[in-house]
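Taking it in order: structure first as structure tokens, then the write-up.
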Amino acid sequence: MFWTLFYIIIVFFTIGGIAIFVLNRKSDAEQRRARWVKYIFYLLAVSLTVWCIQYGVMRYLAMVLLIIGAYEIVMGWRSSNKGILFLWVSILFYMVTAFGFYQFSSQVALERVLYVYTIVFTFDGFAQITGQLFGKKKVLPKISPDKTIAGVVGGYVMGIATGLFVMQWLNMSGYAIGFSPLLICTAAFVGDALASWYKRRCNLKDYSNVIPGHGGVLDRFDSFIFAGAVFWLAYL
């Protein structure tokens, strides 16, 4: 399955690169540079995550991501005017999700962790591509202004199609064949929307500048963290 995923990454990032060339034809120098920086660091993030999963060290990466994510949440709250109750409720929800994601990273079979991550980065990537190319109508304008209906539909279509394709290498049958990719895509969307909602509540543009071109670790991994936690519950 690893090599199949490797080829999927090459194909999908090639499509993403072509989409950037198309978008950059009508963009200024700053926009062109920002897109390529985001693209390169997204490729690096995907490669690192896949490597960690493949070689059985995903639990350590999960610990690093979750610790940095908690730090970003606290720093975001400190820069806002929200009360302490808002912070504690946010931290409690994050800790529950973080617990599920860590259990997912350490207990679920490596092939299934790869399966979930493949669907998540496919959903995220094609939601961005189709949204920027064809998106006009916003889906969550007050929470995440960049998300469009076309982007969400594109993400779902490619995420579910990729999940069904990859599933032939997994020992999954029955209801899981049709239900699992849909569940993962939905969890990825919800996780991203929740992270965006927190940023808006705290009047943040980005959680941090840890990953160039992205709005922080949570901004890059929120979909995977939430989808992993949800899949772990279903996996039980």
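Labels used: A, B, ... for chains in the order of the structure tokens, numbers from 1 for residues in each chain, and numbers from 1 for ligands as shown.
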Skip stretch 89-102 of chain A itself and residues of its chain fewer than 3 positions away, then list as a tab-separated table (two decimals) with C-alpha atoms, in the first residue's frame all residues within 9 Å of it, counting only C-alpha atoms.
```tsv
chain	number	residue	atom	x	y	z
A	58	MET	CA	3.41	8.21	14.13
A	59	ARG	CA	2.69	8.27	17.86
A	62	ALA	CA	1.22	12.89	17.13
A	63	MET	CA	2.65	13.93	20.51
A	66	LEU	CA	-0.74	17.85	19.87
A	69	GLY	CA	-1.55	22.56	18.95
A	70	ALA	CA	-2.29	23.06	22.65
A	73	ILE	CA	-4.76	27.37	21.38
A	74	VAL	CA	-3.51	28.97	24.59
A	84	ILE	CA	-11.09	31.96	31.28
A	85	LEU	CA	-14.22	29.80	30.88
A	86	PHE	CA	-13.86	29.98	27.09
A	105	SER	CA	-1.94	6.97	16.10
A	106	SER	CA	-0.73	4.32	18.53
A	107	GLN	CA	-3.43	1.61	18.47
A	198	TYR	CA	-11.79	29.14	17.19
A	224	PHE	CA	-6.28	14.83	10.36
A	225	ILE	CA	-6.46	15.20	14.14
A	226	PHE	CA	-10.26	15.29	14.24
A	227	ALA	CA	-10.71	12.62	11.55
A	228	GLY	CA	-8.25	10.34	13.32
A	229	ALA	CA	-10.10	10.72	16.63
A	230	VAL	CA	-13.44	10.01	14.97
A	231	PHE	CA	-12.05	6.99	13.13
A	232	TRP	CA	-10.60	5.63	16.36
A	233	LEU	CA	-14.07	5.74	17.94
```
Using only C-alpha atoms, what does the table of stretch 32-143 of chain A residues within 12 Å of stretch 19-23 of chain A look like, with each row giving the shortest atom pair and its distance in Å to one decimal, sorted by chain and ascending number, as JSON lines?
```
{"residue": "A:Arg32", "atom": "CA", "partner": "A:Ile20", "partner_atom": "CA", "distance": 8.1}
{"residue": "A:Arg33", "atom": "CA", "partner": "A:Ile20", "partner_atom": "CA", "distance": 10.4}
{"residue": "A:Ala34", "atom": "CA", "partner": "A:Ile20", "partner_atom": "CA", "distance": 10.5}
{"residue": "A:Arg35", "atom": "CA", "partner": "A:Ile20", "partner_atom": "CA", "distance": 7.0}
{"residue": "A:Trp36", "atom": "CA", "partner": "A:Ile20", "partner_atom": "CA", "distance": 7.6}
{"residue": "A:Val37", "atom": "CA", "partner": "A:Ile20", "partner_atom": "CA", "distance": 11.1}
{"residue": "A:Lys38", "atom": "CA", "partner": "A:Ile20", "partner_atom": "CA", "distance": 10.6}
{"residue": "A:Tyr39", "atom": "CA", "partner": "A:Ile20", "partner_atom": "CA", "distance": 8.6}
{"residue": "A:Ile40", "atom": "CA", "partner": "A:Ile20", "partner_atom": "CA", "distance": 11.5}
{"residue": "A:Gly125", "atom": "CA", "partner": "A:Ala19", "partner_atom": "CA", "distance": 11.0}
{"residue": "A:Phe126", "atom": "CA", "partner": "A:Ala19", "partner_atom": "CA", "distance": 10.2}
{"residue": "A:Gln128", "atom": "CA", "partner": "A:Ala19", "partner_atom": "CA", "distance": 10.0}
{"residue": "A:Ile129", "atom": "CA", "partner": "A:Ala19", "partner_atom": "CA", "distance": 6.7}
{"residue": "A:Thr130", "atom": "CA", "partner": "A:Ala19", "partner_atom": "CA", "distance": 8.9}
{"residue": "A:Gly131", "atom": "CA", "partner": "A:Ala19", "partner_atom": "CA", "distance": 11.0}
{"residue": "A:Gln132", "atom": "CA", "partner": "A:Leu23", "partner_atom": "CA", "distance": 7.8}
{"residue": "A:Leu133", "atom": "CA", "partner": "A:Leu23", "partner_atom": "CA", "distance": 7.2}
{"residue": "A:Phe134", "atom": "CA", "partner": "A:Leu23", "partner_atom": "CA", "distance": 10.8}
```
inquiry  = Under the rule that only C-alpha atoms are counted, which of A:Gln168, A:Phe189, A:Pro141, A:Thr118 is the nearest residue to A:Gly155?
reply    =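 The answer is A:Phe189, which sits nearest to A:Gly155.
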Minimum-distance residue to A:Ile160, chosen among A:Leu194, A:Asp146, A:Thr122, A:Gly135 (using only C-alpha atoms) =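 Closest to A:Ile160 of all the choices is A:Thr122.
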request  = Would you please extract all alpha helix (DSSP H) residues from stretch 3-195 of chain A, as assigned by DSSP on the backbone, and give them as an MDAnalysis selection string?
outcome  = chainID A and resid 3:24 29:54 58:78 84:107 110:134 149:166 175:195
request  = Return the single residue from A:Ile67, A:Ala161, A:Leu140, A:Val50 that is closest to A:Arg112, with distances computed using only C-alpha atoms.
outcome  =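 Using only C-alpha atoms, the shortest distance to A:Arg112 belongs to A:Val50.
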Cut-off 8 Å: closest stretch 56-83 of chain A/stretch 216-221 of chain A atom pairs per residue, using only C-alpha atoms, as a Markdown table:
```
| residue | atom | partner | partner_atom | distance |
| --- | --- | --- | --- | --- |
| A:Leu65 | CA | A:Val217 | CA | 6.8 |
| A:Ile68 | CA | A:Val217 | CA | 6.9 |
| A:Gly69 | CA | A:Leu218 | CA | 5.5 |
| A:Glu72 | CA | A:Leu218 | CA | 7.6 |
```
message = Considering only C-alpha atoms, can you say which of A:Gly159, A:Gly83, A:Gly76, A:Pro212 comes closest to A:Ala187?
response =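 Smallest separation from A:Ala187 among the options: A:Gly159.
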